[in-house]
>>> print(open('target_31.csv').read())   # CSV, C-alpha atoms
chain,number,residue,atom,x,y,z
D,1,MET,CA,8.5,11.3,2.0
D,2,ARG,CA,9.7,10.7,-1.5
D,3,TRP,CA,6.7,11.8,-3.4
D,4,GLY,CA,6.6,10.6,-7.0
D,5,ARG,CA,9.7,8.6,-7.2
D,6,PRO,CA,10.1,7.1,-10.7
D,7,ARG,CA,9.6,3.5,-9.6
D,8,PHE,CA,6.0,4.2,-8.8
D,9,ASN,CA,3.0,4.2,-11.2
D,10,TRP,CA,2.1,7.9,-11.3
D,11,LEU,CA,-1.6,7.5,-11.3
D,12,ALA,CA,-1.7,4.9,-8.5
D,13,ARG,CA,0.9,6.8,-6.5
D,14,TYR,CA,-0.9,10.1,-6.3
D,15,ASN,CA,-4.4,8.7,-6.1
D,16,SER,CA,-3.2,6.8,-3.0
D,17,THR,CA,-1.2,9.5,-1.2
D,18,ARG,CA,-4.1,11.9,-1.4
D,19,LEU,CA,-6.0,9.5,0.9
D,20,TYR,CA,-3.3,9.2,3.6
D,21,GLY,CA,-4.8,12.0,5.7
D,22,ALA,CA,-8.0,10.2,6.3
D,23,LEU,CA,-6.1,7.1,7.6
D,24,LEU,CA,-3.5,9.0,9.6
D,25,THR,CA,-6.1,11.1,11.5
D,26,ARG,CA,-7.7,7.9,12.6
D,27,GLY,CA,-4.6,6.6,14.2
D,28,ILE,CA,-3.5,4.2,11.4
D,29,ASN,CA,0.3,3.8,11.1
D,30,LEU,CA,1.5,4.1,7.5
D,31,TYR,CA,4.9,3.0,6.3
D,32,GLU,CA,6.4,3.4,2.8
D,33,TYR,CA,8.9,1.0,1.4
D,34,ASN,CA,11.0,3.2,-0.9
D,35,ARG,CA,13.7,0.8,-2.1
D,36,THR,CA,11.7,-0.7,-4.9
D,37,MET,CA,8.0,-1.3,-5.8
D,38,LEU,CA,6.6,-4.3,-4.0
D,39,HIS,CA,3.7,-5.6,-6.0
D,40,GLN,CA,2.7,-8.7,-4.0
D,41,LYS,CA,-0.2,-8.5,-1.7
D,42,THR,CA,0.3,-10.3,1.7
D,43,MET,CA,-1.6,-10.5,4.9
D,44,VAL,CA,-1.0,-12.2,8.2
D,45,VAL,CA,-3.8,-12.4,10.7
D,46,ASP,CA,-3.1,-13.0,14.4
D,47,GLY,CA,0.0,-15.1,13.5
D,48,GLN,CA,-2.3,-17.9,12.6
D,49,TRP,CA,-3.5,-17.4,9.0
D,50,ALA,CA,-1.8,-15.8,6.0
D,51,THR,CA,-2.3,-15.1,2.3
D,52,ILE,CA,-0.1,-14.0,-0.6
D,53,GLY,CA,-1.0,-13.3,-4.2
D,54,THR,CA,-2.0,-10.8,-6.8
D,55,THR,CA,-5.4,-9.7,-5.6
D,56,ASN,CA,-5.9,-6.0,-4.9
D,57,PHE,CA,-8.6,-5.1,-2.4
D,58,ASP,CA,-10.9,-3.3,-4.8
D,59,ASN,CA,-13.9,-3.9,-6.9
D,60,ARG,CA,-11.9,-4.1,-10.2
D,61,SER,CA,-9.9,-7.0,-8.9
D,62,PHE,CA,-12.8,-8.8,-7.5
D,63,ALA,CA,-15.1,-8.3,-10.5
D,64,LEU,CA,-13.0,-8.0,-13.6
D,65,ASN,CA,-9.4,-9.1,-13.1
D,66,GLU,CA,-8.2,-12.7,-13.0
D,67,GLU,CA,-6.4,-12.6,-9.7
D,68,SER,CA,-5.3,-15.3,-7.4
D,69,ASN,CA,-4.1,-15.8,-3.9
D,70,VAL,CA,-2.9,-18.7,-1.8
D,71,SER,CA,-4.0,-18.8,1.8
D,72,PHE,CA,-2.5,-21.1,4.5
D,73,THR,CA,-2.3,-21.8,8.2
D,74,GLU,CA,1.0,-23.8,8.2
D,75,ARG,CA,2.7,-22.2,11.2
D,76,SER,CA,6.2,-22.1,9.7
D,77,LEU,CA,5.0,-20.4,6.5
D,78,VAL,CA,2.9,-17.9,8.5
D,79,GLU,CA,5.9,-17.0,10.6
D,80,ALA,CA,8.2,-16.7,7.6
D,81,LEU,CA,5.7,-14.3,5.9
D,82,GLN,CA,5.4,-12.3,9.2
D,83,GLY,CA,9.2,-12.1,9.4
D,84,ALA,CA,9.5,-10.8,5.8
D,85,PHE,CA,6.8,-8.2,6.5
D,86,GLU,CA,8.6,-7.0,9.7
D,87,ALA,CA,11.9,-6.7,7.8
D,88,ASP,CA,10.3,-4.7,5.1
D,89,ARG,CA,8.6,-2.4,7.6
D,90,LYS,CA,11.9,-1.8,9.4
D,91,ALA,CA,13.4,-0.7,6.0
D,92,SER,CA,10.4,1.6,5.4
D,93,GLU,CA,9.7,5.3,6.2
D,94,ARG,CA,6.9,6.1,8.6
D,95,ILE,CA,4.5,8.6,7.3
D,96,THR,CA,3.2,11.1,9.9
D,97,ILE,CA,0.2,13.4,9.6
D,98,ALA,CA,2.5,16.4,10.1
D,99,ARG,CA,4.8,15.3,7.2
D,100,TRP,CA,1.9,14.5,4.9
D,101,LYS,CA,0.3,18.0,5.5
D,102,GLN,CA,3.6,19.5,4.4
D,103,ARG,CA,3.5,18.2,0.9
D,104,GLY,CA,3.7,21.0,-1.7
D,105,VAL,CA,1.2,22.5,-4.1
D,106,TRP,CA,2.6,20.5,-7.1
D,107,THR,CA,2.0,17.2,-5.2
D,108,ARG,CA,-1.5,18.2,-4.2
D,109,ALA,CA,-2.3,19.2,-7.8
D,110,GLN,CA,-1.2,15.8,-9.1
D,111,GLU,CA,-3.3,14.1,-6.4
D,112,VAL,CA,-6.4,16.0,-7.7
D,113,VAL,CA,-5.7,15.1,-11.3
D,114,ALA,CA,-5.1,11.4,-10.3
D,115,SER,CA,-8.4,11.4,-8.3
D,116,VAL,CA,-10.3,12.1,-11.5
D,117,PHE,CA,-9.1,8.8,-12.9
D,118,GLN,CA,-9.6,6.7,-9.8
D,119,GLU,CA,-12.6,4.7,-11.2
D,120,GLN,CA,-11.2,2.3,-13.7
D,121,ALA,CA,-14.2,0.0,-14.0
>>> encode(input="target_31.csv", output="structure tokens")
Amino acid sequence: MRWGRPRFNWLARYNSTRLYGALLTRGINLYEYNRTMLHQKTMVVDGQWATIGTTNFDNRSFALNEESNVSFTERSLVEALQGAFEADRKASERITIARWKQRGVWTRAQEVVASVFQEQA
């Protein structure tokens, strides 16, 4: 894992990585795309419905920010978005629980500091 690469927002990065363990121990697969920062939010559900936009899945985005998404069921668009996601996933690094547990003291300290600032609203 490339903890703290310069292309990431420090606060968001470390506040997120500290939570990986809870997800990984429940069998969720995590992949990090380390080539650049991807800011768009996309979702494809059952190959039938998709959305793309700026909305983060958090209270701040829902209550305070002016966010927007476009949702669609057009089969060719859903397939194109699914294909883009799969290409990005193949270019990503899988995060395992063993690797996450090996992060160093400096990384863990930064996660603690970032967690203090997690509430922005």
>>> atom_distance(input="target_31.csv", atom1="CA of Ser76 in chain D", atom2="CA of Asn29 in chain D")
26.6 Å
>>> residues_near_point(input="target_31.csv", point="(1.9, 10.9, 9.2)", cutoff="6 Å", atoms="all atoms listed in the file", output="CSV table (one decimal) with C-alpha atoms, keeping the file's coordinate frame")
chain,number,residue,atom,x,y,z
D,24,LEU,CA,-3.5,9.0,9.6
D,95,ILE,CA,4.5,8.6,7.3
D,96,THR,CA,3.2,11.1,9.9
D,97,ILE,CA,0.2,13.4,9.6
D,98,ALA,CA,2.5,16.4,10.1
D,99,ARG,CA,4.8,15.3,7.2
D,100,TRP,CA,1.9,14.5,4.9
>>> closest_residue(input="target_31.csv", among="D:Leu77, D:Glu66, D:Asn9, D:Ala109", to="Thr36 in chain D", atoms="only C-alpha atoms")
D:Asn9
>>> closest_residue(input="target_31.csv", among="D:Glu79, D:Val112, D:Trp49, D:Lys41", to="Glu67 in chain D", atoms="only C-alpha atoms")
D:Lys41
>>> residues_near_point(input="target_31.csv", point="(9.8, 3.4, 1.5)", cutoff="9 Å", atoms="only C-alpha atoms", output="count of residues only")
15
>>> atom_distance(input="target_31.csv", atom1="CA of Val44 in chain D", atom2="CA of Ser68 in chain D")
16.5 Å
>>> closest_residue(input="target_31.csv", among="D:Phe85, D:Lys101, D:His39, D:Trp106", to="Ala22 in chain D", atoms="only C-alpha atoms")
D:Lys101
>>> atom_distance(input="target_31.csv", atom1="CA of Gly83 in chain D", atom2="CA of Met43 in chain D")
11.8 Å
>>> decode(input="target_31.csv", residues="range 54-102 of chain D", atoms="N, CA and C atoms", output="tab-separated table (two decimals), in the first residue's frame")
chain	number	residue	atom	x	y	z
D	54	THR	N	-21.17	13.89	-8.24
D	54	THR	CA	-20.28	14.47	-7.24
D	54	THR	C	-20.65	14.13	-5.81
D	55	THR	N	-21.78	13.51	-5.58
D	55	THR	CA	-22.28	13.31	-4.24
D	55	THR	C	-21.48	12.26	-3.47
D	56	ASN	N	-20.97	12.67	-2.30
D	56	ASN	CA	-20.35	11.74	-1.37
D	56	ASN	C	-21.47	11.12	-0.54
D	57	PHE	N	-21.24	9.91	-0.05
D	57	PHE	CA	-22.26	9.24	0.74
D	57	PHE	C	-22.03	9.57	2.22
D	58	ASP	N	-22.30	10.83	2.58
D	58	ASP	CA	-22.15	11.26	3.96
D	58	ASP	C	-23.14	12.38	4.26
D	59	ASN	N	-23.32	12.66	5.54
D	59	ASN	CA	-24.30	13.67	5.95
D	59	ASN	C	-23.98	15.06	5.42
D	60	ARG	N	-22.71	15.42	5.37
D	60	ARG	CA	-22.34	16.74	4.87
D	60	ARG	C	-22.80	16.93	3.43
D	61	SER	N	-22.58	15.95	2.59
D	61	SER	CA	-23.00	16.06	1.19
D	61	SER	C	-24.51	16.13	1.07
D	62	PHE	N	-25.20	15.32	1.85
D	62	PHE	CA	-26.66	15.30	1.76
D	62	PHE	C	-27.30	16.57	2.31
D	63	ALA	N	-26.74	17.13	3.39
D	63	ALA	CA	-27.39	18.25	4.07
D	63	ALA	C	-26.85	19.63	3.68
D	64	LEU	N	-25.55	19.73	3.40
D	64	LEU	CA	-24.95	21.05	3.24
D	64	LEU	C	-24.42	21.36	1.84
D	65	ASN	N	-23.79	20.39	1.23
D	65	ASN	CA	-23.15	20.65	-0.06
D	65	ASN	C	-24.16	20.63	-1.20
D	66	GLU	N	-23.85	21.36	-2.23
D	66	GLU	CA	-24.68	21.33	-3.44
D	66	GLU	C	-24.08	20.31	-4.39
D	67	GLU	N	-24.55	19.10	-4.27
D	67	GLU	CA	-24.03	17.98	-5.04
D	67	GLU	C	-25.06	17.56	-6.09
D	68	SER	N	-24.59	16.88	-7.12
D	68	SER	CA	-25.53	16.39	-8.12
D	68	SER	C	-25.02	15.08	-8.73
D	69	ASN	N	-25.95	14.23	-9.08
D	69	ASN	CA	-25.70	12.97	-9.75
D	69	ASN	C	-26.69	12.81	-10.89
D	70	VAL	N	-26.30	11.99	-11.84
D	70	VAL	CA	-27.19	11.59	-12.91
D	70	VAL	C	-27.35	10.08	-12.79
D	71	SER	N	-28.56	9.61	-12.79
D	71	SER	CA	-28.83	8.18	-12.72
D	71	SER	C	-29.52	7.75	-14.00
D	72	PHE	N	-29.27	6.52	-14.42
D	72	PHE	CA	-29.81	6.07	-15.70
D	72	PHE	C	-29.93	4.56	-15.75
D	73	THR	N	-30.78	4.10	-16.67
D	73	THR	CA	-30.97	2.68	-16.90
D	73	THR	C	-30.66	2.28	-18.35
D	74	GLU	N	-30.23	3.23	-19.16
D	74	GLU	CA	-29.86	2.94	-20.56
D	74	GLU	C	-28.76	1.88	-20.56
D	75	ARG	N	-29.08	0.72	-21.12
D	75	ARG	CA	-28.20	-0.45	-21.05
D	75	ARG	C	-26.77	-0.17	-21.52
D	76	SER	N	-26.62	0.51	-22.64
D	76	SER	CA	-25.27	0.76	-23.17
D	76	SER	C	-24.46	1.66	-22.24
D	77	LEU	N	-25.11	2.62	-21.59
D	77	LEU	CA	-24.41	3.50	-20.65
D	77	LEU	C	-24.03	2.75	-19.37
D	78	VAL	N	-24.95	1.92	-18.89
D	78	VAL	CA	-24.67	1.12	-17.70
D	78	VAL	C	-23.48	0.20	-17.97
D	79	GLU	N	-23.46	-0.46	-19.12
D	79	GLU	CA	-22.37	-1.36	-19.48
D	79	GLU	C	-21.05	-0.61	-19.63
D	80	ALA	N	-21.10	0.60	-20.20
D	80	ALA	CA	-19.88	1.40	-20.35
D	80	ALA	C	-19.31	1.78	-18.98
D	81	LEU	N	-20.17	2.18	-18.06
D	81	LEU	CA	-19.71	2.55	-16.73
D	81	LEU	C	-19.17	1.33	-15.99
D	82	GLN	N	-19.82	0.19	-16.13
D	82	GLN	CA	-19.33	-1.05	-15.52
D	82	GLN	C	-17.96	-1.41	-16.09
D	83	GLY	N	-17.78	-1.26	-17.39
D	83	GLY	CA	-16.50	-1.55	-18.02
D	83	GLY	C	-15.39	-0.64	-17.53
D	84	ALA	N	-15.69	0.64	-17.36
D	84	ALA	CA	-14.71	1.59	-16.85
D	84	ALA	C	-14.31	1.23	-15.42
D	85	PHE	N	-15.29	0.84	-14.61
D	85	PHE	CA	-15.00	0.43	-13.24
D	85	PHE	C	-14.10	-0.80	-13.22
D	86	GLU	N	-14.41	-1.80	-14.03
D	86	GLU	CA	-13.60	-3.02	-14.06
D	86	GLU	C	-12.17	-2.73	-14.51
D	87	ALA	N	-11.99	-1.84	-15.49
D	87	ALA	CA	-10.65	-1.47	-15.93
D	87	ALA	C	-9.87	-0.79	-14.80
D	88	ASP	N	-10.54	0.10	-14.08
D	88	ASP	CA	-9.90	0.77	-12.94
D	88	ASP	C	-9.55	-0.23	-11.84
D	89	ARG	N	-10.45	-1.17	-11.58
D	89	ARG	CA	-10.18	-2.18	-10.54
D	89	ARG	C	-8.98	-3.04	-10.90
D	90	LYS	N	-8.86	-3.40	-12.17
D	90	LYS	CA	-7.72	-4.21	-12.61
D	90	LYS	C	-6.40	-3.45	-12.47
D	91	ALA	N	-6.47	-2.14	-12.53
D	91	ALA	CA	-5.27	-1.30	-12.38
D	91	ALA	C	-5.04	-0.91	-10.93
D	92	SER	N	-5.81	-1.49	-10.01
D	92	SER	CA	-5.74	-1.13	-8.60
D	92	SER	C	-5.01	-2.19	-7.80
D	93	GLU	N	-4.64	-1.80	-6.59
D	93	GLU	CA	-3.97	-2.71	-5.67
D	93	GLU	C	-4.98	-3.20	-4.63
D	94	ARG	N	-5.08	-4.51	-4.48
D	94	ARG	CA	-6.00	-5.06	-3.48
D	94	ARG	C	-5.39	-4.88	-2.10
D	95	ILE	N	-6.20	-4.42	-1.17
D	95	ILE	CA	-5.77	-4.23	0.21
D	95	ILE	C	-6.23	-5.45	1.00
D	96	THR	N	-5.31	-6.11	1.67
D	96	THR	CA	-5.66	-7.27	2.50
D	96	THR	C	-5.57	-6.89	3.97
D	97	ILE	N	-6.22	-7.65	4.81
D	97	ILE	CA	-6.17	-7.38	6.24
D	97	ILE	C	-4.75	-7.53	6.76
D	98	ALA	N	-4.01	-8.52	6.27
D	98	ALA	CA	-2.63	-8.72	6.72
D	98	ALA	C	-1.76	-7.50	6.38
D	99	ARG	N	-1.90	-7.01	5.19
D	99	ARG	CA	-1.11	-5.84	4.76
D	99	ARG	C	-1.53	-4.59	5.54
D	100	TRP	N	-2.82	-4.42	5.77
D	100	TRP	CA	-3.32	-3.26	6.52
D	100	TRP	C	-2.78	-3.26	7.94
D	101	LYS	N	-2.73	-4.44	8.56
D	101	LYS	CA	-2.24	-4.54	9.94
D	101	LYS	C	-0.74	-4.23	10.04
D	102	GLN	N	-0.02	-4.32	8.94
D	102	GLN	CA	1.42	-4.08	8.94
D	102	GLN	C	1.80	-2.60	8.83
